[in-house]
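Here is the structure we will look at, set down as structure tokens.
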Amino acid sequence: MILAGLALWYASYYTTIMVWELRKIVSWLAVPLLFAALVTTVWQAVKQLRRRKGQDSGGSDAAATVGCLGAVVGLCLAVAWLVYGAYLQDRAYMDDVRIVSEPVPELAARAPYVVGKAQAAPHLGDVTGEISDITYLPDSDKFATLVERRGWLAGYEVGLVQDIPLGGNSRNQQRCAFDVGVADARIGGWFDHNLGRKISAEKRWVRFEADDAYVTCSGDAPIVVVPLKHQTGILVVTERPAGLALYDGRTGKLTITTDTTAVPGPSYPLSIAARQREATAAVGSFTDWWFERSGWDASEDGANAGNESEFTLQYRDGSGSSAYVTPLTPQGEASSVVAVSTVPTRHRGGGLAPLTVHRLDPTWSSPKALVALIKAEYRDVCCYNDDMVFEVVPTGGSTWTATIGSEQNIRYRVEGRGQVAGREPTCLKAADGALIRCAYAAPGSPEEQETKHQEEQKKKGETGKAPGDVGDLGAYSAAELAELQRRVSEEVGRRLKGG
């Protein structure tokens, strides 16, 4: 038994998993177990007292009665604690939640996640591995792709960081290859090729979610970034950030750090941010939580398929900071977006990052209804062939931005705010943000001023030409010259017929 205990202690990876799961189980069963221990202690005390007084008759019947009663009460208590404990856990995740009526800070639009995912595979070249993760890096406005090497006893093969601008034709990309002979570990790998095992050997009692990890390229060296978590609490067990694990794909070196500036991407675990957002269901009383009468849900009406919550967006204030942003709908059948939650992607210390819920006024229609509005108001540009409306994401204040195009070519964006039925402006812009036209611009709005400015510039350009001046013919295409010749011939014929 001693040798088995030492072997189990040496296996830090499995002991970490075992302790994590046992803490969860104990937190759910702690109250019923305490009740059972209390009943057993009282019964033993009563039994000893009866023996001293010589009252042993009927003891077996009394024991059976007390045992059955204790089992029933213990079962009811276990179920009650299982339910109420879940509510207390949500309340624990709401320790640093602010609900405000202030507008959402201005956020920069980015290429949709679906586009970043679709453009990863064509740019991998002769890589034979399989894509395991795609993450948006807000610091550099790029998408990072982590590719696993095929085989049971293999790690990662390559990291791809690609620039997918919302406007423009840039397709800059960087591939950084792993040294498969030295750095041969990956998340979920077998035996000694398991990155989680290496992390537990460096720092015990911390775990992570595979979806939180991503890759960056430091020069030619790929760096796998794994945000870590640890558990807190006894009766109510919750998770907290615990720094970063950095795995060098060239040397195989693993570094555990709490420096959130060491990576160009998110350092706060996305899974914890999502759990905090889900915990807003406990913003009211226990009965409101139980009957789902309080809190918010992520919008899930299909318009943002593939990425419905925790959009990673950068603030426009030039600070370089970013946040996980989620449009929220009320719990129930309502699909209108009534609030937006934000959680910073970087956070110092081992506590929860602050989650802020911004109530919207006016509220949005559902993303599905906004897509229908875009198709109705801009039917000349949406949607033909492979074009479609991608993510409808918050971009500050009460505004939203939708992206139009195909997975390989982003063509337009539509910006708007408010309800579909209201007279709120929606404007069609080029992918780079240049205004094309507005379906409706409220008097005095920035959209109306921009539209007037464009009209004035157009009139100035027209008045700057002399009557009949067609400009430099060398700038005309062949089709335009043919059309010009046809019109000249028609005009000559018309004048000849008129004498």
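Scheme for the structure tokens: letters A, B, ... for chains in order shown; per-chain residue numbers from 1; ligand numbers from 1 in order shown.
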Next item on the list: List every residue of stretch 293-450 of chain A that DSSP, applied to the backbone of this structure, places in strand (DSSP E), and write the result as a PyMOL selection string.
Entry: chain A and resi 296-298+311-314+322-330+337-344+355-364+388-394+399-405+410-417+426-430+435-440
Next item on the list: Identify, on the basis of only C-alpha atoms, every residue whose closest approach to stretch 179-193 of chain A does not exceed 9 Å; exclude the query and any residue fewer than 3 positions from it along the same chain; express the result as a list in words.
Entry: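 Skipping anything fewer than 3 positions along the chain leaves Glu148, Arg149, Trp152, Leu153, Ala154, Gly155, Tyr156, Glu157, Gly196, Arg197, Lys198, Ala210, Ala213, Tyr247, Asp248, Gly249, Arg250, Thr251, Gly252 and Lys253 of chain A.
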Item checked: Top pick for closest residue to A:Thr363, considering A:Ser101, A:Gln408, A:Thr426, A:Thr145 and counting only C-alpha atoms ->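 That would be A:Ser101, the residue with the smallest distance to A:Thr363.
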Next item on the list: Determine, counting only C-alpha atoms, which protein, DNA and RNA residues have an atom within 10 Å of an atom of stretch 330-332 of chain A; residues of the same chain fewer than 5 positions away are not included. Present the result as a ChimeraX atom specification.
Entry: /A:281,291-299,337-339
Would you save the residues of that selection, restricted to N, CA, C and O atoms, as an mmCIF file, in the first residue's frame?
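As written to disk, result37.cif reads:
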data_model
loop_
_atom_site.group_PDB
_atom_site.id
_atom_site.type_symbol
_atom_site.label_atom_id
_atom_site.label_comp_id
_atom_site.auth_asym_id
_atom_site.auth_seq_id
_atom_site.Cartn_x
_atom_site.Cartn_y
_atom_site.Cartn_z
ATOM 1 N N ALA A 281 -27.417 33.868 -14.553
ATOM 2 C CA ALA A 281 -28.760 33.368 -14.267
ATOM 3 C C ALA A 281 -29.099 33.479 -12.789
ATOM 4 O O ALA A 281 -30.276 33.490 -12.404
ATOM 5 N N PHE A 291 -36.666 28.812 -11.472
ATOM 6 C CA PHE A 291 -37.686 28.892 -12.512
ATOM 7 C C PHE A 291 -37.213 29.669 -13.744
ATOM 8 O O PHE A 291 -38.018 29.996 -14.612
ATOM 9 N N GLU A 292 -35.916 29.988 -13.793
ATOM 10 C CA GLU A 292 -35.300 30.663 -14.943
ATOM 11 C C GLU A 292 -36.017 31.975 -15.279
ATOM 12 O O GLU A 292 -36.372 32.244 -16.419
ATOM 13 N N ARG A 293 -36.183 32.793 -14.229
ATOM 14 C CA ARG A 293 -36.847 34.078 -14.405
ATOM 15 C C ARG A 293 -35.882 35.249 -14.341
ATOM 16 O O ARG A 293 -36.302 36.402 -14.409
ATOM 17 N N SER A 294 -34.614 34.973 -14.175
ATOM 18 C CA SER A 294 -33.630 36.053 -14.072
ATOM 19 C C SER A 294 -32.401 35.705 -14.898
ATOM 20 O O SER A 294 -32.192 34.557 -15.282
ATOM 21 N N GLY A 295 -31.587 36.715 -15.154
ATOM 22 C CA GLY A 295 -30.352 36.496 -15.887
ATOM 23 C C GLY A 295 -30.544 36.508 -17.390
ATOM 24 O O GLY A 295 -31.620 36.841 -17.909
ATOM 25 N N TRP A 296 -29.494 36.111 -18.089
ATOM 26 C CA TRP A 296 -29.490 36.185 -19.549
ATOM 27 C C TRP A 296 -28.851 34.935 -20.133
ATOM 28 O O TRP A 296 -28.096 34.223 -19.474
ATOM 29 N N ASP A 297 -29.153 34.698 -21.393
ATOM 30 C CA ASP A 297 -28.551 33.623 -22.176
ATOM 31 C C ASP A 297 -27.836 34.232 -23.370
ATOM 32 O O ASP A 297 -28.168 35.340 -23.814
ATOM 33 N N ALA A 298 -26.872 33.500 -23.932
ATOM 34 C CA ALA A 298 -26.258 33.915 -25.188
ATOM 35 C C ALA A 298 -27.265 33.768 -26.313
ATOM 36 O O ALA A 298 -28.101 32.856 -26.308
ATOM 37 N N SER A 299 -27.219 34.689 -27.278
ATOM 38 C CA SER A 299 -28.139 34.638 -28.408
ATOM 39 C C SER A 299 -27.823 33.421 -29.268
ATOM 40 O O SER A 299 -26.695 33.256 -29.744
ATOM 41 N N VAL A 337 -31.975 41.001 -28.384
ATOM 42 C CA VAL A 337 -30.753 41.224 -27.618
ATOM 43 C C VAL A 337 -30.959 42.432 -26.718
ATOM 44 O O VAL A 337 -31.166 43.545 -27.200
ATOM 45 N N VAL A 338 -30.913 42.213 -25.398
ATOM 46 C CA VAL A 338 -31.221 43.274 -24.442
ATOM 47 C C VAL A 338 -29.994 43.735 -23.665
ATOM 48 O O VAL A 338 -30.057 44.739 -22.954
ATOM 49 N N ALA A 339 -28.881 43.013 -23.782
ATOM 50 C CA ALA A 339 -27.677 43.386 -23.036
ATOM 51 C C ALA A 339 -26.455 42.799 -23.736
ATOM 52 O O ALA A 339 -26.570 41.917 -24.588
#
Next item on the list: Pull the helix (DSSP H, G or I) assignments for stretch 25-212 of chain A out of DSSP run on the backbone, and list those residues as number ranges by chain.
Entry: A: 25-52, 59-93, 113-118, 121-123, 191-193, 195-202, 210-212
Next item on the list: Go through A:Ala177, A:Leu166, A:Leu270, A:Val158 and flag the residue nearest A:Glu209, using only C-alpha atoms for the distances.
Entry: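 Comparing A:Ala177, A:Leu166, A:Leu270, A:Val158 against A:Glu209, the winner is A:Leu270.
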Notebook entry, point to check: Quick one, how far is atom CA of A:Gly159 from atom CA of A:Phe390?
Noted result: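 Computed distance, atom CA of A:Gly159 to atom CA of A:Phe390, equals 25.6 Å.
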Next item on the list: Compile the contact shell of stretch 395-399 of chain A as an NGL selection string: residues with an atom at most 6 Å away, counting only C-alpha atoms, same-chain residues fewer than 6 positions apart removed.
Entry: :A and (103-107 or 416-417)
Note to self: Can you tell me which residues surround A:Pro227 at a distance of at most 7 Å, considering only C-alpha atoms, apart from same-chain residues fewer than 4 positions away, and format the answer as a PyMOL selection string?
What the structure shows: chain A and resi 208+212-213+243-245+267-269
Notebook entry, point to check: So, counting only C-alpha atoms, which residue among A:Asn409, A:Ser12, A:Leu69, A:Ala434 is closest to A:Ser200?
Noted result: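 Of A:Asn409, A:Ser12, A:Leu69, A:Ala434, the one nearest A:Ser200, counting only C-alpha atoms, is A:Ser12.
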Could you list, with a cut-off of 10 Å and counting only C-alpha atoms, the residues of stretch 349-387 of chain A near stretch 303-318 of chain A, each shown with its nearest atom pair and the distance in Å rounded to one decimal, rows sorted by chain and ascending number, as a Markdown table?
| residue | atom | partner | partner_atom | distance |
| --- | --- | --- | --- | --- |
| A:Ser366 | CA | A:Ala303 | CA | 8.7 |
| A:Pro367 | CA | A:Ala303 | CA | 5.6 |
| A:Lys368 | CA | A:Ala303 | CA | 5.1 |
| A:Ala369 | CA | A:Ala303 | CA | 8.7 |
| A:Leu370 | CA | A:Ala303 | CA | 8.7 |
| A:Val371 | CA | A:Ala303 | CA | 7.2 |
| A:Ala372 | CA | A:Ala303 | CA | 9.8 |
Item checked: Polymer residues at most 12 Å from stretch 273-277 of chain A, only C-alpha atoms, same-chain spacing of 5 or more positions, as number ranges by chain -> A: 89-99, 211-212, 229, 238-241, 266-268, 282-283, 295-298, 308-312, 323-329, 339-347, 352-357
Check: Pick from A:Val39, A:Ile164, A:Ala430, A:Val127: nearest to A:Ser140, with only C-alpha atoms counted?
Finding: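 Among the listed residues, A:Ile164 lies closest to A:Ser140.
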Check: Nearest to A:Ser322 among A:Arg413, A:Gly125, A:Val115, A:Pro264, with distances taken over only C-alpha atoms: which residue is it?
Finding: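 Looking at the shortest contact to A:Ser322, the residue is A:Pro264.
Atom pair atom CA of A:Gly405 / atom CA of A:Gln174 has a distance of 24.4 Å (rounded to one decimal).
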Margin query: Set the distance at 9 Å and use only C-alpha atoms: which residues neighbour A:Ser27 once local chain neighbours fewer than 4 positions away are removed? I'd like the list as a PyMOL selection string.
Written below: chain A and resi 22-23+31+85+233-237
